[in-house]
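Worksheet for the structure shown next.
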Amino acid sequence: MAFTRAAGKHRRPSVLSRKSANIAGVAALTTTGVIGTLAPQAIAAEQDLAAEDTGSIRAVALDHSAAGTLTAQVEAQALAQQEVLDQAEAERQAEIKRKAEIKRKAEAKAKKEREERERAAREAERKRLNTFRLPVADSYVSTSYKSGGSLWSSGSHSGVDFHASSGSSVVAVGSGTVVEAGWGGAYGNNVVIRMNDGSYTQYGHLASISVSVGQSVGSGDQIGLSGSTGNSTGPHLHFEARTSPEYGSDIDPVSYLRQHGVSV
């Protein structure tokens, strides 16, 4: 018995049929709005992702900006602190310099004053040494130079006598060095001084002597006390000026003293 199949049944659709069905299905889906619904959702998802990415980038950018601002603030604070320290150090150094300058000026002033005092002292000493004076203060000549008489072996007075009571202070008339100090025969206790200008002075009839040979004396230094020792008739000071330490080299004592500025 022959069987016949109905046309189209149990037959695999052809390729063309499948394509047609797919096209028809897509059209149907399009017609029903399925694809239309999915498309906006996909686009929205993509937009959300894009927005999320943009927000992350913005957050990172903000983080970097905040970090930069904080760093700048820290650096500014450090700079301000350093400026304060530098100013304090500059002020400290300025104060050190100011105190050093004050000290330097004080030392310079003290040095100048000390030098002025020393210079004044030297000048005073120079004047003292170069100034002559009477051998007995406020005295006068009681017996003049070259007076004649039997009292003197040479027949005349080889010096002058200054009025002086016993025990009066006798001083060097100027600066010099003692070359004789002791008993001098007719002169009694006597002192001979070689003056700094090369001349010699003699002081006789002393009650006592207060200097020794080789001693330096200045003008006005005490060399003894007046008396009446040796060939003397009473207390007085016999004073001579000489060109040498030897007897007989005498010169006028009054002229000698006046040449050295002493009022006699």
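Chain identifiers are assigned as A, B, and so on, following the order in which chains appear in the structure tokens; residues are numbered from 1 within each chain, and ligands are numbered from 1 in order of appearance.
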Output as CSV one row per residue of range 144-201 of chain A within 10 Å of range 234-240 of chain A: the closest atom pair and its distance in Å to one decimal place, counting only C-alpha atoms, sorted by chain and residue number ascending.
```
residue,atom,partner,partner_atom,distance
A:Tyr145,CA,A:Glu240,CA,8.9
A:His157,CA,A:Glu240,CA,9.7
A:Ser158,CA,A:Glu240,CA,6.9
A:Gly159,CA,A:Glu240,CA,4.5
A:Val160,CA,A:Phe239,CA,5.4
A:Asp161,CA,A:His238,CA,4.6
A:Phe162,CA,A:Leu237,CA,5.2
A:His163,CA,A:His236,CA,5.3
A:Ala164,CA,A:His236,CA,4.6
A:Ser165,CA,A:Pro235,CA,5.7
A:Ser166,CA,A:Pro235,CA,5.3
A:Gly167,CA,A:Pro235,CA,8.7
A:Ser168,CA,A:His236,CA,9.0
A:Val170,CA,A:Leu237,CA,8.1
A:Tyr187,CA,A:His238,CA,7.9
A:Asn190,CA,A:His238,CA,9.1
A:Val191,CA,A:Phe239,CA,9.9
A:Val192,CA,A:Glu240,CA,9.2
A:Tyr200,CA,A:Glu240,CA,8.2
A:Thr201,CA,A:Glu240,CA,5.5
```
- Task: May I have the residues within 10 Å of Gly198 in chain A as a list in words, using only C-alpha atoms and disregarding those fewer than 6 positions away in the same chain?
- Result: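 Surrounding residues, per the criterion: Gly176, Arg242, Thr243 and Ser244 of chain A.
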Residues just named, written with N, CA and C atoms as a PDB file, in the first residue's frame:
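Ended up saving to again_10.pdb:
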```
ATOM      1  N   GLY A 176     119.824 113.816  89.859  1.00  0.00           N
ATOM      2  CA  GLY A 176     121.191 113.360  89.649  1.00  0.00           C
ATOM      3  C   GLY A 176     121.481 112.086  90.416  1.00  0.00           C
ATOM      4  N   ARG A 242     129.608 123.048  91.309  1.00  0.00           N
ATOM      5  CA  ARG A 242     130.948 122.784  90.783  1.00  0.00           C
ATOM      6  C   ARG A 242     130.864 122.245  89.356  1.00  0.00           C
ATOM      7  N   THR A 243     132.007 122.301  88.694  1.00  0.00           N
ATOM      8  CA  THR A 243     132.110 121.704  87.356  1.00  0.00           C
ATOM      9  C   THR A 243     132.654 120.283  87.442  1.00  0.00           C
ATOM     10  N   SER A 244     133.179 119.909  88.624  1.00  0.00           N
ATOM     11  CA  SER A 244     133.688 118.553  88.867  1.00  0.00           C
ATOM     12  C   SER A 244     133.463 118.234  90.335  1.00  0.00           C
TER      13      SER A 244
END
```
- Note on the structure: CA of Val136 in chain A to CA of Gln222 in chain A measures 9.8 Å
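Using only C-alpha atoms, the nearest neighbour of Ser263 in chain A within the list A:Glu115, A:Asp250, A:Asp138, A:Asp197 is A:Asp138.
Distance-wise, CA of Ser255 in chain A and CA of Arg122 in chain A end up 28.6 Å apart.
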